[in-house]
Amino acid sequence: MNLMSDLPRLLLDPFLFPFMQRALAATLIVGVLCAVVGAFVVWKGLSFVGDALAHASFAGVAIAFVTGQSIYLGAAIAAVVTSLTITYLSRTARISSDTAIGVLFAFAFSLGIVVISRVQNYTVDLFAYLFGNVLGVGVDDLLLISGAGGLVLLVIVLVYKELFFVAFDPVMAEASGLPVGLLQYLLLAMIGVTVVVAMRAVGIVLVVAMLVTPAATASLLTRRFHRIMLLGALLSALASLLGLYLSFYANVASGGAIVLVSTTIFLLVLGYTSLRARLRPNVAAAPAGQTAG
Amino acid sequence: MSDAAPAVELRDVTAGYRGHVALEGVTLTIPPGSMMAIVGPNGGGKSTLLKLLLGLIEPWRGTVGVLGTAPTAARRQIGYVPQTGSGDWSFPATVGEVVMMGRYRRLGWLRRPGRTDWAAVEAALDRVGMADRRDRQVGELSGGQQQRVFFARALVQEPELLLLDEPLAGVDALTERDIYTLLRQLVDRGVTVLFTTHNLSTVAEQFDLVAFVNRRIVMCGPPSEVFHEQTLRETYGHRMALVQVGDRYYAIDVGSHGETAGVGDS
């Protein structure tokens, strides 16, 4: 057995299967989308929000599952409603946003559990939503993932400079006439949609890693915001591809595999940048993104 | 004072937040091309006044006019320099990117900065002495440099009215001097400058007009005419005393550290 001569076959063979082609397309879209949105998540300390929205979407998944409606629609409604409620509560500021998130996400997740517990024999199907099963993505799933994911990416490209301004200085942005409240709602709603799009690939429990890890890795290497998005997307796509191979050949859950690869890349880059900083102490190392939550 | 429409015109304005009155019955006219300091105690309504002019809050009563129109309609012509420390300075943004934010309003939605915009950013950075730091991370700057960046951002807006909210708190002396020089150049070109400050000592030296604000306009006019013990008492209460030493007046804040806070030539 010669690895070099077998390598092209090893790399290409999995994608002779249509389900692997769909899985590849889905993971790449999800990876890129999560990394781009993740740049905001990492730098505005929104990882707790991201995690909360993913868990809250479970209420929508459960209700849609029981009533026979579209799982995605249910999850999207639950995530977007929760994101809007969090923004509303933290803007009107009787309680801190952290507290608002803690209360809401536990509520929505429990609602999902209670609804599901009434149904017999649910475990197998729901396992795919909680922990992800990208190998089971169908054509309809793929259309939805690319449609919703593409829409979020398009919105970010179109209002990039306004989102950037609000992220840096909301007070000043408001003084210059930007609808800051609307843009904050929009960002949270986009995180909500992203979480739902990523649900099938990595699962509700692991979505936060897709949002945070690639953007955090990119933040170690560059300090320009748009480059963090682009480099994060690249690293995320790489992790998705490698994770998919791992999932295929080792027969392990795709979501876990992708996140493990992504985290490995993060640790390698962290080691490299720390070493570089130690060897050249005069060059200030870029500190990691602030990942709150 | 001038034939042109006033830069700022408040008529009998009452405003505040959540039932708390911050300004009451304020009438104030500022002619274009003047440089006015707004002084007064904390909570006296200085920031409320700026927010009214920026159109961020609506008056409960009375009318607010800016450059002959409503504040929200005049936004493109209003520049704003916030207090030191405003903004998320750990956010990954370069000096050039932050200054460019001053052009966003002019650009409008969906349009990206072009060559003219970058030229304006370069020119503004040059004027505040930060031309060599365009690609630096804003998080690496000192407090004085951050304020220069904010000032450059207001410059690229090419405003007709410039509002500054205590922009020199905690800023080094060199930056303070440079910023006053730049403000004077703007005023000479017809820009109206409105500046809230705690530092009474610079008011008499640097400003054409001063308004003492404590829920109402206590007094407004050229510093030489309005710097009286009476005015300071009414603005600050008995914590402030005016002491004459030779031919200069010193305003002393008796309440806090007893330090010398202000000055005025007699």
# chains A, B, ... in the order shown; residues from 1 in each chain; ligands from 1
call {"tool": "residues_around", "arguments": {"residues": "Thr181 in chain B", "least_positions_apart": "5", "cutoff": "12 Å", "atoms": "only C-alpha atoms", "output": "PyMOL selection string"}}
result
chain B and resi 127-128+174-176+186-188+206-207
call {"tool": "write_last_selection", "arguments": {"atoms": "C-alpha atoms", "output": "PDB file, in the first residue's frame"}}
result
ATOM      1  CA  ARG B 127      -4.080  67.719   9.922  1.00  0.00           C
ATOM      2  CA  VAL B 128      -4.233  65.985  13.295  1.00  0.00           C
ATOM      3  CA  LEU B 174       0.151  68.908  23.301  1.00  0.00           C
ATOM      4  CA  THR B 175      -2.996  67.312  21.909  1.00  0.00           C
ATOM      5  CA  GLU B 176      -5.098  69.943  23.654  1.00  0.00           C
ATOM      6  CA  LEU B 186     -12.376  75.716  11.402  1.00  0.00           C
ATOM      7  CA  VAL B 187     -14.074  78.682  13.057  1.00  0.00           C
ATOM      8  CA  ASP B 188     -12.153  81.055  10.785  1.00  0.00           C
ATOM      9  CA  GLN B 206      -9.972  79.953  23.879  1.00  0.00           C
ATOM     10  CA  PHE B 207     -13.644  80.733  23.354  1.00  0.00           C
TER      11      PHE B 207
END
call {"tool": "interface_residues", "arguments": {"of": "chain B", "to": "chain A", "cutoff": "7 Å", "atoms": "only C-alpha atoms", "output": "MDAnalysis selection string"}}
result
chainID B and resid 54 56 75 87:88 91:93 101 105 110
call {"tool": "residues_around", "arguments": {"residues": "Thr27 in chain A", "least_positions_apart": "3", "cutoff": "7 Å", "atoms": "only C-alpha atoms", "output": "list in words"}}
result
Ala23, Leu24, Val30, Gly31, Ala201 and Ser240 of chain A
call {"tool": "closest_residue", "arguments": {"among": "B:Leu183, B:Val64, B:Val191, B:Leu232", "to": "Thr14 in chain B", "atoms": "only C-alpha atoms"}}
result
B:Val64
call {"tool": "closest_residue", "arguments": {"among": "B:Gly44, B:Gly62, B:Gly33, B:Pro167", "to": "Leu10 in chain B", "atoms": "only C-alpha atoms"}}
result
B:Gly62
call {"tool": "residues_around", "arguments": {"residues": "Arg177 in chain B", "least_positions_apart": "4", "cutoff": "12 Å", "atoms": "only C-alpha atoms", "output": "PyMOL selection string"}}
result
chain B and resi 128+144+148+168+171-173+181-184+202+205-206
call {"tool": "atom_distance", "arguments": {"atom1": "CA of Asp126 in chain B", "atom2": "CA of Gly143 in chain B"}}
result
18.1 Å
call {"tool": "residues_around", "arguments": {"residues": "range 57-73 of chain A", "least_positions_apart": "5", "cutoff": "10 Å", "atoms": "only C-alpha atoms", "output": "PyMOL selection string"}}
result
chain A and resi 52+78-82+105+107-119+122+125-126+129-130+141+144-145+192-193+195-197+199-200+204-205
call {"tool": "write_last_selection", "arguments": {"atoms": "C-alpha atoms", "output": "tab-separated table (two decimals), in the first residue's frame"}}
result
chain	number	residue	atom	x	y	z
A	52	ALA	CA	-28.43	30.37	23.57
A	78	ALA	CA	-37.76	29.98	17.67
A	79	ALA	CA	-34.22	31.35	17.10
A	80	VAL	CA	-35.29	34.65	15.57
A	81	VAL	CA	-38.01	35.29	18.17
A	82	THR	CA	-35.50	34.56	20.94
A	105	PHE	CA	-32.52	30.02	26.55
A	107	PHE	CA	-36.94	28.40	29.01
A	108	ALA	CA	-36.96	27.61	25.29
A	109	PHE	CA	-34.80	24.51	25.65
A	110	SER	CA	-37.01	23.17	28.46
A	111	LEU	CA	-40.08	23.82	26.34
A	112	GLY	CA	-38.52	21.67	23.63
A	113	ILE	CA	-37.70	18.88	26.09
A	114	VAL	CA	-41.21	18.91	27.59
A	115	VAL	CA	-42.88	18.81	24.17
A	116	ILE	CA	-40.62	15.99	22.99
A	117	SER	CA	-41.04	13.96	26.17
A	118	ARG	CA	-44.71	13.50	25.26
A	119	VAL	CA	-43.73	11.69	22.07
A	122	TYR	CA	-38.17	10.20	19.21
A	125	ASP	CA	-34.44	11.54	14.50
A	126	LEU	CA	-33.81	14.21	17.07
A	129	TYR	CA	-30.60	17.89	15.23
A	130	LEU	CA	-28.90	17.90	18.61
A	141	ASP	CA	-32.03	20.57	3.12
A	144	LEU	CA	-32.58	25.63	2.24
A	145	ILE	CA	-29.05	25.82	3.65
A	192	GLY	CA	-30.30	33.17	14.71
A	193	VAL	CA	-30.66	32.16	11.05
A	195	VAL	CA	-27.52	28.81	13.93
A	196	VAL	CA	-30.49	27.13	12.26
A	197	VAL	CA	-28.63	26.70	8.97
A	199	MET	CA	-28.02	22.85	12.91
A	200	ARG	CA	-28.12	19.96	10.45
A	204	ILE	CA	-27.51	22.47	18.18
A	205	VAL	CA	-25.01	21.61	20.89
call {"tool": "residues_around", "arguments": {"residues": "Arg215 in chain B", "least_positions_apart": "2", "cutoff": "6 Å", "atoms": "only C-alpha atoms", "output": "VMD selection string"}}
result
chain B and resid 22 to 24 44 to 45
call {"tool": "select_by_dssp", "arguments": {"residues": "range 104-198 of chain B", "states": "strand (DSSP E or B)", "output": "list in words"}}
result
Gln137, Leu161, Leu162, Leu163, Leu164, Asp165, Thr192, Val193, Leu194, Phe195 and Thr196 of chain B
call {"tool": "write_last_selection", "arguments": {"atoms": "N, CA and C atoms", "output": "PDB file, in the first residue's frame"}}
result
ATOM      1  N   GLN B 137      -3.660  49.679  14.556  1.00  0.00           N
ATOM      2  CA  GLN B 137      -4.871  49.293  15.277  1.00  0.00           C
ATOM      3  C   GLN B 137      -5.239  50.410  16.248  1.00  0.00           C
ATOM      4  N   LEU B 161     -21.445  72.468  11.587  1.00  0.00           N
ATOM      5  CA  LEU B 161     -21.570  72.608  13.040  1.00  0.00           C
ATOM      6  C   LEU B 161     -20.827  71.448  13.672  1.00  0.00           C
ATOM      7  N   LEU B 162     -19.904  71.775  14.580  1.00  0.00           N
ATOM      8  CA  LEU B 162     -19.118  70.723  15.215  1.00  0.00           C
ATOM      9  C   LEU B 162     -19.419  70.702  16.702  1.00  0.00           C
ATOM     10  N   LEU B 163     -19.905  69.563  17.182  1.00  0.00           N
ATOM     11  CA  LEU B 163     -20.232  69.415  18.595  1.00  0.00           C
ATOM     12  C   LEU B 163     -19.178  68.538  19.252  1.00  0.00           C
ATOM     13  N   LEU B 164     -18.625  69.009  20.361  1.00  0.00           N
ATOM     14  CA  LEU B 164     -17.612  68.222  21.057  1.00  0.00           C
ATOM     15  C   LEU B 164     -18.029  68.057  22.513  1.00  0.00           C
ATOM     16  N   ASP B 165     -18.091  66.813  22.954  1.00  0.00           N
ATOM     17  CA  ASP B 165     -18.559  66.520  24.308  1.00  0.00           C
ATOM     18  C   ASP B 165     -17.360  66.215  25.204  1.00  0.00           C
ATOM     19  N   THR B 192     -19.256  76.496  12.950  1.00  0.00           N
ATOM     20  CA  THR B 192     -19.665  76.799  14.315  1.00  0.00           C
ATOM     21  C   THR B 192     -19.219  75.662  15.222  1.00  0.00           C
ATOM     22  N   VAL B 193     -18.560  76.009  16.326  1.00  0.00           N
ATOM     23  CA  VAL B 193     -18.047  74.981  17.232  1.00  0.00           C
ATOM     24  C   VAL B 193     -18.711  75.114  18.591  1.00  0.00           C
ATOM     25  N   LEU B 194     -19.214  74.008  19.084  1.00  0.00           N
ATOM     26  CA  LEU B 194     -19.869  73.961  20.396  1.00  0.00           C
ATOM     27  C   LEU B 194     -19.160  72.896  21.211  1.00  0.00           C
ATOM     28  N   PHE B 195     -18.758  73.242  22.416  1.00  0.00           N
ATOM     29  CA  PHE B 195     -17.756  72.452  23.108  1.00  0.00           C
ATOM     30  C   PHE B 195     -18.149  72.394  24.581  1.00  0.00           C
ATOM     31  N   THR B 196     -18.483  71.229  25.115  1.00  0.00           N
ATOM     32  CA  THR B 196     -18.758  71.172  26.550  1.00  0.00           C
ATOM     33  C   THR B 196     -17.452  70.890  27.276  1.00  0.00           C
TER      34      THR B 196
END
call {"tool": "residues_around", "arguments": {"residues": "Trp89 in chain B", "least_positions_apart": "4", "cutoff": "8 Å", "atoms": "only C-alpha atoms", "output": "number ranges by chain"}}
result
A: 168; B: 85, 138-139
call {"tool": "write_last_selection", "arguments": {"atoms": "N, CA and C atoms", "output": "PDB file, in the first residue's frame"}}
result
ATOM      1  N   PHE A 168     -18.160  49.103  16.331  1.00  0.00           N
ATOM      2  CA  PHE A 168     -17.084  49.880  16.946  1.00  0.00           C
ATOM      3  C   PHE A 168     -17.625  50.919  17.934  1.00  0.00           C
TER       4      PHE A 168
ATOM      5  N   GLY B  85     -12.679  57.815  25.292  1.00  0.00           N
ATOM      6  CA  GLY B  85     -13.056  56.487  25.769  1.00  0.00           C
ATOM      7  C   GLY B  85     -14.344  55.985  25.162  1.00  0.00           C
ATOM      8  N   VAL B 138      -6.503  50.766  16.323  1.00  0.00           N
ATOM      9  CA  VAL B 138      -6.889  51.855  17.225  1.00  0.00           C
ATOM     10  C   VAL B 138      -6.609  51.492  18.687  1.00  0.00           C
ATOM     11  N   GLY B 139      -6.628  50.191  18.998  1.00  0.00           N
ATOM     12  CA  GLY B 139      -6.380  49.760  20.370  1.00  0.00           C
ATOM     13  C   GLY B 139      -4.968  50.065  20.856  1.00  0.00           C
TER      14      GLY B 139
END
call {"tool": "atom_distance", "arguments": {"atom1": "CA of Ala106 in chain A", "atom2": "CA of Ala56 in chain A"}}
result
7.5 Å
call {"tool": "select_by_dssp", "arguments": {"residues": "range 29-235 of chain B", "states": "alpha helix (DSSP H)", "output": "mmCIF file with C-alpha atoms, in the first residue's frame"}}
result
data_model
loop_
_atom_site.group_PDB
_atom_site.id
_atom_site.type_symbol
_atom_site.label_atom_id
_atom_site.label_comp_id
_atom_site.auth_asym_id
_atom_site.auth_seq_id
_atom_site.Cartn_x
_atom_site.Cartn_y
_atom_site.Cartn_z
ATOM 1 C CA LYS B 46 -24.748 69.835 28.950
ATOM 2 C CA SER B 47 -24.969 66.407 27.325
ATOM 3 C CA THR B 48 -28.742 66.735 26.982
ATOM 4 C CA LEU B 49 -28.172 69.936 25.029
ATOM 5 C CA LEU B 50 -25.819 68.138 22.618
ATOM 6 C CA LYS B 51 -28.233 65.218 22.241
ATOM 7 C CA LEU B 52 -31.015 67.626 21.322
ATOM 8 C CA LEU B 53 -28.813 69.185 18.647
ATOM 9 C CA LEU B 54 -27.840 65.755 17.307
ATOM 10 C CA VAL B 95 -7.066 54.333 12.457
ATOM 11 C CA GLY B 96 -7.956 54.858 8.786
ATOM 12 C CA GLU B 97 -11.090 52.722 9.056
ATOM 13 C CA VAL B 98 -12.348 54.637 12.086
ATOM 14 C CA VAL B 99 -11.733 58.015 10.454
ATOM 15 C CA MET B 100 -13.542 56.764 7.347
ATOM 16 C CA MET B 101 -16.658 56.247 9.480
ATOM 17 C CA GLY B 102 -17.054 60.024 9.287
ATOM 18 C CA ARG B 103 -17.740 59.627 5.541
ATOM 19 C CA TYR B 104 -20.410 56.919 5.918
ATOM 20 C CA ARG B 105 -23.291 59.355 6.246
ATOM 21 C CA ARG B 106 -22.172 61.182 3.132
ATOM 22 C CA LEU B 107 -21.749 57.885 1.257
ATOM 23 C CA ARG B 115 -10.712 57.555 -3.903
ATOM 24 C CA THR B 116 -12.068 60.954 -2.798
ATOM 25 C CA ASP B 117 -13.060 59.493 0.554
ATOM 26 C CA TRP B 118 -9.631 57.977 1.154
ATOM 27 C CA ALA B 119 -8.031 61.270 0.115
ATOM 28 C CA ALA B 120 -10.209 63.068 2.686
ATOM 29 C CA VAL B 121 -9.142 60.554 5.345
ATOM 30 C CA GLU B 122 -5.444 61.065 4.478
ATOM 31 C CA ALA B 123 -5.849 64.827 4.632
ATOM 32 C CA ALA B 124 -7.672 64.729 7.976
ATOM 33 C CA LEU B 125 -5.067 62.408 9.501
ATOM 34 C CA ASP B 126 -2.370 64.740 8.259
ATOM 35 C CA ARG B 127 -4.080 67.719 9.922
ATOM 36 C CA GLY B 143 -5.787 58.570 24.959
ATOM 37 C CA GLY B 144 -4.585 61.713 23.199
ATOM 38 C CA GLN B 145 -4.094 59.860 19.920
ATOM 39 C CA GLN B 146 -7.563 58.320 20.188
ATOM 40 C CA GLN B 147 -9.018 61.787 20.525
ATOM 41 C CA ARG B 148 -7.040 62.950 17.479
ATOM 42 C CA VAL B 149 -8.590 60.056 15.551
ATOM 43 C CA PHE B 150 -12.090 61.100 16.641
ATOM 44 C CA PHE B 151 -11.266 64.633 15.661
ATOM 45 C CA ALA B 152 -10.084 63.506 12.218
ATOM 46 C CA ARG B 153 -13.323 61.559 11.868
ATOM 47 C CA ALA B 154 -15.287 64.749 12.503
ATOM 48 C CA LEU B 155 -13.099 66.605 9.976
ATOM 49 C CA VAL B 156 -13.749 64.192 7.073
ATOM 50 C CA ALA B 173 -1.318 69.166 26.794
ATOM 51 C CA LEU B 174 0.151 68.908 23.301
ATOM 52 C CA THR B 175 -2.996 67.312 21.909
ATOM 53 C CA GLU B 176 -5.098 69.943 23.654
ATOM 54 C CA ARG B 177 -3.086 72.741 22.081
ATOM 55 C CA ASP B 178 -3.220 71.138 18.622
ATOM 56 C CA ILE B 179 -6.959 70.630 18.844
ATOM 57 C CA TYR B 180 -7.583 74.267 19.845
ATOM 58 C CA THR B 181 -5.451 75.390 16.893
ATOM 59 C CA LEU B 182 -7.492 73.212 14.547
ATOM 60 C CA LEU B 183 -10.791 74.387 16.033
ATOM 61 C CA ARG B 184 -9.730 77.981 15.507
ATOM 62 C CA GLN B 185 -8.925 77.246 11.846
ATOM 63 C CA LEU B 186 -12.376 75.716 11.402
ATOM 64 C CA VAL B 187 -14.074 78.682 13.057
ATOM 65 C CA ASP B 188 -12.153 81.055 10.785
ATOM 66 C CA LEU B 200 -12.932 76.728 33.126
ATOM 67 C CA SER B 201 -9.339 77.908 32.803
ATOM 68 C CA THR B 202 -9.287 77.380 29.037
ATOM 69 C CA VAL B 203 -12.716 78.897 28.462
ATOM 70 C CA ALA B 204 -11.665 82.505 28.853
ATOM 71 C CA GLU B 205 -8.561 82.006 26.729
ATOM 72 C CA GLN B 206 -9.972 79.953 23.879
ATOM 73 C CA PRO B 223 -16.165 85.255 28.686
ATOM 74 C CA SER B 224 -14.944 88.704 29.704
ATOM 75 C CA GLU B 225 -18.540 89.812 30.263
ATOM 76 C CA VAL B 226 -20.035 86.783 31.927
ATOM 77 C CA GLU B 229 -18.696 85.206 40.899
ATOM 78 C CA GLN B 230 -22.471 85.582 40.612
ATOM 79 C CA THR B 231 -22.608 83.469 37.422
ATOM 80 C CA LEU B 232 -20.360 80.756 38.850
ATOM 81 C CA ARG B 233 -22.410 80.647 42.058
ATOM 82 C CA GLU B 234 -25.646 80.284 40.179
ATOM 83 C CA THR B 235 -24.162 77.586 37.950
#
call {"tool": "closest_residue", "arguments": {"among": "B:Trp60, B:Phe227, B:Tyr236, B:Phe212", "to": "Leu28 in chain B", "atoms": "only C-alpha atoms"}}
result
B:Phe212
